[in-house]
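*Asks:* Dropping a structure here in structure tokens format, bear with me for questions.
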Amino acid sequence: MKLSKRIENLPPYLFVQISKKIAEKRAKGEEVISFAIGDPDLPTPKHILAELCKAAEDPSNHRYPETEGLPVLRKAMAEWYQKRFGVKLNPDTEVLPLIGSKEGIGHAAWCFLDPGDIALVPNPAYPVYAISSQLAGAEVFNLPLNKGNNFLPNLEAIPQNILSKAKVLWINYPNNPTGAVAGLSFFQEVSNFAAKHNLAVCHDGPYSEIAFDGYKPVSFLEADGAKDVGIEFHSLSKSYNMTGWRIGMAVGNAKMIDALRRFKSNLDSGIPQAIQLMAIAALNGSQEIINQNCAIYQRRRDRLVEALRNIGMEVTAPKASLYIWAPVPESYTSASFATELLDKTGVVVTPGTGYGTAGEGYIRLSLTVPDEQIEKGIAKLTGYKKSS
Ligand SMILES: *Cc1c(COP(=O)(O)O)cnc(C)c1O
């Protein structure tokens with residue numbers, strides 16, 4: 001049997017490799033503390049689960065859902081955007097529920113790129129932007145994110161010959177993996193730039209609700225003209241501890257939303273209706289869970305930043321997201337330092353290069369680790385300082 005080139009050229013998904021490495025260590029009986037994966041350890045709130053239990057009993061939720069989601073769900077999504085960001089959305093034309101935002105992010109490439117087109121993709125970044133662009137036959141032009149540019153792409157540095165073939169611009173704030181944030185002025189620059197160069201902007205914003213020290217991230221759609229040039233992906237995964245239920249959304253430009261809906265309607269049959277009802281409960285219910293989550297993550301961030309500084313690393317505390325993006329000590333690469341930490345301390349971190357070549361020189365630590373595990377990890381890291 002011969003597989004498609006598309007599959008043969010596919011790199012293994014980052015977390016698959018990490019999970020394998022952890023399993024190997026654990027099989028040998030070694031204790032491993034993993035800061036590698038950004039998946040909330042906190043449970044889905046009770047009032048959201050109650051909705052699932054109720055919905056499961058109702059036979060009308062046992063049948064095929066509609067691709068475009070329940071009208072009441074789209075309305076709840078639009079109202080949440082209005083309440084949270086002051087952004088007005090038409091629930092019928094500017095809101096599309098997704099089977100987790102990763103689904104929509106992966107499918108977006110097929111809607112906005114033809115073979116030979118260019119996608120402008122930050123590096124480092126969530127791997128799906130670049131891989132889905134390549135699967136759709138497009139080329140990827142990297143926009144490096146580094147300390148020098150505050151982890152914001154320098155749009156003016158993109159060469160004219162690239163811009164003339166570029167169709168899509170991906171951005172993601174609060175950022176995974178760097179923990180960087182973007183203000184309205186950057187989003188305004190993106191909106192203006194996209195209008196000038198005829199680009200479709202895809203802003204991925206699953207961490208807008210995970211922020212610290214009173215900081216409130218803004219939506220790309222708050223920028224003037226944003227809805228004329230782009231869409232925003234959002235997710236219930238990180239905000240409401242719902243990664244396992246798979247529900248997110250794309251909102252914004254009606255032409256882009258319609259393209260995604262048309263593409264999806266040919267491939268999937270929508271989100272299980274009981275899960276749509278959970279999402280309505282999450283969006284319409286008390287948002288207190290978000291404050292509680294952020295307080296927990298902020299405490300973990302502070303503990304971990306302190307511990308990393310104690311072993312001599314120069315770490316900036318992130319204002320938002322679930323990640324600490326830490327430069328590795330001199331004479332190490334991302335991979336050699338991650339390997340050394342794992343071998344010497346049993347602590348797993350993600351090498352920055354897992355998110356792209358420009359992640360070299362960094363490791364990423366996730367805050368989605370239970371408190372007692374964090375403390376164990378910190379004790380192990382502290383041991384590393386003594387042994388080296
Ligand atoms: C977690 C994450 C997502 C995916 O969220 P789902 O809605 O669970 O698919 C998308 N983008 C980034 C940058 C993420 O970190």
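All residue names refer to the structure tokens as shown: chains lettered A, B, ... in order, residues numbered from 1 in each chain, ligands numbered from 1 in order.
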Grab me every residue within 9 Å of ligand 1, counting only C-alpha atoms and all ligand atoms, and send it over as number ranges by chain.

*Replies:* A: 38-39, 98-105, 125-129, 172-177, 204-207, 233-238, 242-249, 321-322

*Asks:* For Val348 (chain A), find every residue with an atom within 8 Å (counting only C-alpha atoms), except residues of its own chain fewer than 5 positions away, and show them as a short mmCIF file (atom, residue, chain, number, x, y, z; two decimals) with C-alpha atoms, in the first residue's frame.

*Replies:*
data_model
loop_
_atom_site.label_atom_id
_atom_site.label_comp_id
_atom_site.auth_asym_id
_atom_site.auth_seq_id
_atom_site.Cartn_x
_atom_site.Cartn_y
_atom_site.Cartn_z
CA ILE A 22 7.13 10.29 29.34
CA VAL A 32 8.16 12.17 35.92
CA ILE A 33 6.62 15.60 36.41
CA SER A 34 5.45 17.01 33.11
CA PHE A 35 5.09 20.68 32.33
CA ALA A 36 4.79 19.82 28.65
CA ALA A 338 15.03 19.78 27.79
CA LEU A 341 16.23 18.38 32.65
CA LEU A 342 14.37 15.18 31.92
#

*Asks:* Need the shell around region 300-305 of chain A: protein/DNA/RNA residues with any atom at most 12 Å away, counting only C-alpha atoms. Skip same-chain ones fewer than 3 positions apart. Format as a ChimeraX atom specification?

*Replies:* /A:35,179,210-213,293-297,308-326,364-382

*Asks:* Output as a Markdown table one row per residue of region 18-133 of chain A within 12 Å of region 214-231 of chain A: the closest atom pair and its distance in Å to one decimal place, counting only C-alpha atoms, sorted by chain and residue number ascending.

*Replies:*
| residue | atom | partner | partner_atom | distance |
| --- | --- | --- | --- | --- |
| A:Tyr81 | CA | A:Ser219 | CA | 9.0 |
| A:Gln82 | CA | A:Glu222 | CA | 10.4 |
| A:Arg84 | CA | A:Val218 | CA | 9.1 |
| A:Phe85 | CA | A:Ser219 | CA | 6.5 |
| A:Gly86 | CA | A:Glu222 | CA | 7.6 |
| A:Val87 | CA | A:Glu222 | CA | 6.3 |
| A:Lys88 | CA | A:Leu221 | CA | 9.2 |
| A:Leu89 | CA | A:Lys227 | CA | 9.4 |
| A:Asn90 | CA | A:Lys227 | CA | 11.4 |
| A:Thr93 | CA | A:Lys227 | CA | 11.9 |
| A:Glu94 | CA | A:Ile231 | CA | 8.8 |
| A:Val95 | CA | A:Ile231 | CA | 9.5 |
| A:Leu96 | CA | A:Ile231 | CA | 10.4 |
| A:Gly104 | CA | A:Ile231 | CA | 10.9 |
| A:Ile105 | CA | A:Ile231 | CA | 10.6 |
| A:Ala108 | CA | A:Ile231 | CA | 10.1 |
| A:Phe112 | CA | A:Gly230 | CA | 11.0 |

*Asks:* Atoms to include: N, CA, C and O atoms. Write the selected residues as a PDB file, in the first residue's frame.

*Replies:*
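The resulting out-v4.pdb:
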ATOM      1  N   TYR A  81     -19.573  37.585  23.133  1.00  0.00           N
ATOM      2  CA  TYR A  81     -18.610  38.512  22.513  1.00  0.00           C
ATOM      3  C   TYR A  81     -18.978  39.963  22.792  1.00  0.00           C
ATOM      4  O   TYR A  81     -18.112  40.799  23.026  1.00  0.00           O
ATOM      5  N   GLN A  82     -20.288  40.241  22.739  1.00  0.00           N
ATOM      6  CA  GLN A  82     -20.755  41.603  23.003  1.00  0.00           C
ATOM      7  C   GLN A  82     -20.443  41.998  24.455  1.00  0.00           C
ATOM      8  O   GLN A  82     -19.919  43.069  24.713  1.00  0.00           O
ATOM      9  N   ARG A  84     -18.255  40.598  26.568  1.00  0.00           N
ATOM     10  CA  ARG A  84     -16.853  40.530  26.952  1.00  0.00           C
ATOM     11  C   ARG A  84     -16.005  41.582  26.237  1.00  0.00           C
ATOM     12  O   ARG A  84     -15.096  42.156  26.824  1.00  0.00           O
ATOM     13  N   PHE A  85     -16.253  41.790  24.943  1.00  0.00           N
ATOM     14  CA  PHE A  85     -15.371  42.666  24.156  1.00  0.00           C
ATOM     15  C   PHE A  85     -16.083  43.889  23.584  1.00  0.00           C
ATOM     16  O   PHE A  85     -15.458  44.718  22.927  1.00  0.00           O
ATOM     17  N   GLY A  86     -17.412  43.946  23.734  1.00  0.00           N
ATOM     18  CA  GLY A  86     -18.154  45.025  23.089  1.00  0.00           C
ATOM     19  C   GLY A  86     -18.188  44.860  21.578  1.00  0.00           C
ATOM     20  O   GLY A  86     -18.398  45.833  20.843  1.00  0.00           O
ATOM     21  N   VAL A  87     -17.994  43.627  21.098  1.00  0.00           N
ATOM     22  CA  VAL A  87     -17.999  43.371  19.648  1.00  0.00           C
ATOM     23  C   VAL A  87     -19.372  42.837  19.255  1.00  0.00           C
ATOM     24  O   VAL A  87     -19.854  41.861  19.831  1.00  0.00           O
ATOM     25  N   LYS A  88     -20.009  43.479  18.278  1.00  0.00           N
ATOM     26  CA  LYS A  88     -21.328  43.057  17.798  1.00  0.00           C
ATOM     27  C   LYS A  88     -21.156  42.031  16.689  1.00  0.00           C
ATOM     28  O   LYS A  88     -20.416  42.267  15.738  1.00  0.00           O
ATOM     29  N   LEU A  89     -21.869  40.906  16.804  1.00  0.00           N
ATOM     30  CA  LEU A  89     -21.793  39.865  15.782  1.00  0.00           C
ATOM     31  C   LEU A  89     -23.203  39.429  15.410  1.00  0.00           C
ATOM     32  O   LEU A  89     -24.061  39.299  16.279  1.00  0.00           O
ATOM     33  N   ASN A  90     -23.414  39.189  14.115  1.00  0.00           N
ATOM     34  CA  ASN A  90     -24.675  38.602  13.677  1.00  0.00           C
ATOM     35  C   ASN A  90     -24.576  37.085  13.875  1.00  0.00           C
ATOM     36  O   ASN A  90     -23.754  36.435  13.237  1.00  0.00           O
ATOM     37  N   THR A  93     -24.667  34.935  10.574  1.00  0.00           N
ATOM     38  CA  THR A  93     -23.697  35.062   9.477  1.00  0.00           C
ATOM     39  C   THR A  93     -22.253  35.250   9.948  1.00  0.00           C
ATOM     40  O   THR A  93     -21.324  35.080   9.157  1.00  0.00           O
ATOM     41  N   GLU A  94     -22.086  35.607  11.215  1.00  0.00           N
ATOM     42  CA  GLU A  94     -20.737  35.946  11.676  1.00  0.00           C
ATOM     43  C   GLU A  94     -20.247  35.052  12.819  1.00  0.00           C
ATOM     44  O   GLU A  94     -19.235  35.351  13.447  1.00  0.00           O
ATOM     45  N   VAL A  95     -20.956  33.969  13.075  1.00  0.00           N
ATOM     46  CA  VAL A  95     -20.595  33.052  14.163  1.00  0.00           C
ATOM     47  C   VAL A  95     -20.695  31.618  13.653  1.00  0.00           C
ATOM     48  O   VAL A  95     -21.713  31.246  13.066  1.00  0.00           O
ATOM     49  N   LEU A  96     -19.659  30.836  13.852  1.00  0.00           N
ATOM     50  CA  LEU A  96     -19.699  29.423  13.463  1.00  0.00           C
ATOM     51  C   LEU A  96     -19.112  28.557  14.574  1.00  0.00           C
ATOM     52  O   LEU A  96     -17.912  28.620  14.848  1.00  0.00           O
ATOM     53  N   GLY A 104     -11.464  24.059  13.278  1.00  0.00           N
ATOM     54  CA  GLY A 104     -11.644  25.185  12.362  1.00  0.00           C
ATOM     55  C   GLY A 104     -10.320  25.740  11.866  1.00  0.00           C
ATOM     56  O   GLY A 104     -10.189  26.136  10.709  1.00  0.00           O
ATOM     57  N   ILE A 105      -9.326  25.751  12.751  1.00  0.00           N
ATOM     58  CA  ILE A 105      -7.998  26.253  12.381  1.00  0.00           C
ATOM     59  C   ILE A 105      -7.428  25.360  11.267  1.00  0.00           C
ATOM     60  O   ILE A 105      -6.894  25.846  10.273  1.00  0.00           O
ATOM     61  N   ALA A 108      -9.402  25.975   8.006  1.00  0.00           N
ATOM     62  CA  ALA A 108      -9.352  27.327   7.443  1.00  0.00           C
ATOM     63  C   ALA A 108      -8.420  27.390   6.233  1.00  0.00           C
ATOM     64  O   ALA A 108      -8.735  28.036   5.224  1.00  0.00           O
ATOM     65  N   PHE A 112      -9.007  29.306   2.331  1.00  0.00           N
ATOM     66  CA  PHE A 112      -8.420  30.597   1.955  1.00  0.00           C
ATOM     67  C   PHE A 112      -7.122  30.467   1.158  1.00  0.00           C
ATOM     68  O   PHE A 112      -6.527  31.479   0.784  1.00  0.00           O
TER      69      PHE A 112
END

*Asks:* Could you write out, as a ChimeraX atom specification, all the residues of region 184-385 of chain A that DSSP marks as helix (DSSP H, G or I)?

*Replies:* /A:184-197,220-222,226-229,236-239,243-245,254-265,273-284,288-310,334-345,352-355,357-359,371-385

*Asks:* Name the residues in contact with Gln292 (chain A) at a cut-off of 12 Å, using only C-alpha atoms, excluding same-chain residues fewer than 6 positions from it; report them as a ChimeraX atom specification.

*Replies:* /A:42,45,209-212,239-241,286,298-299
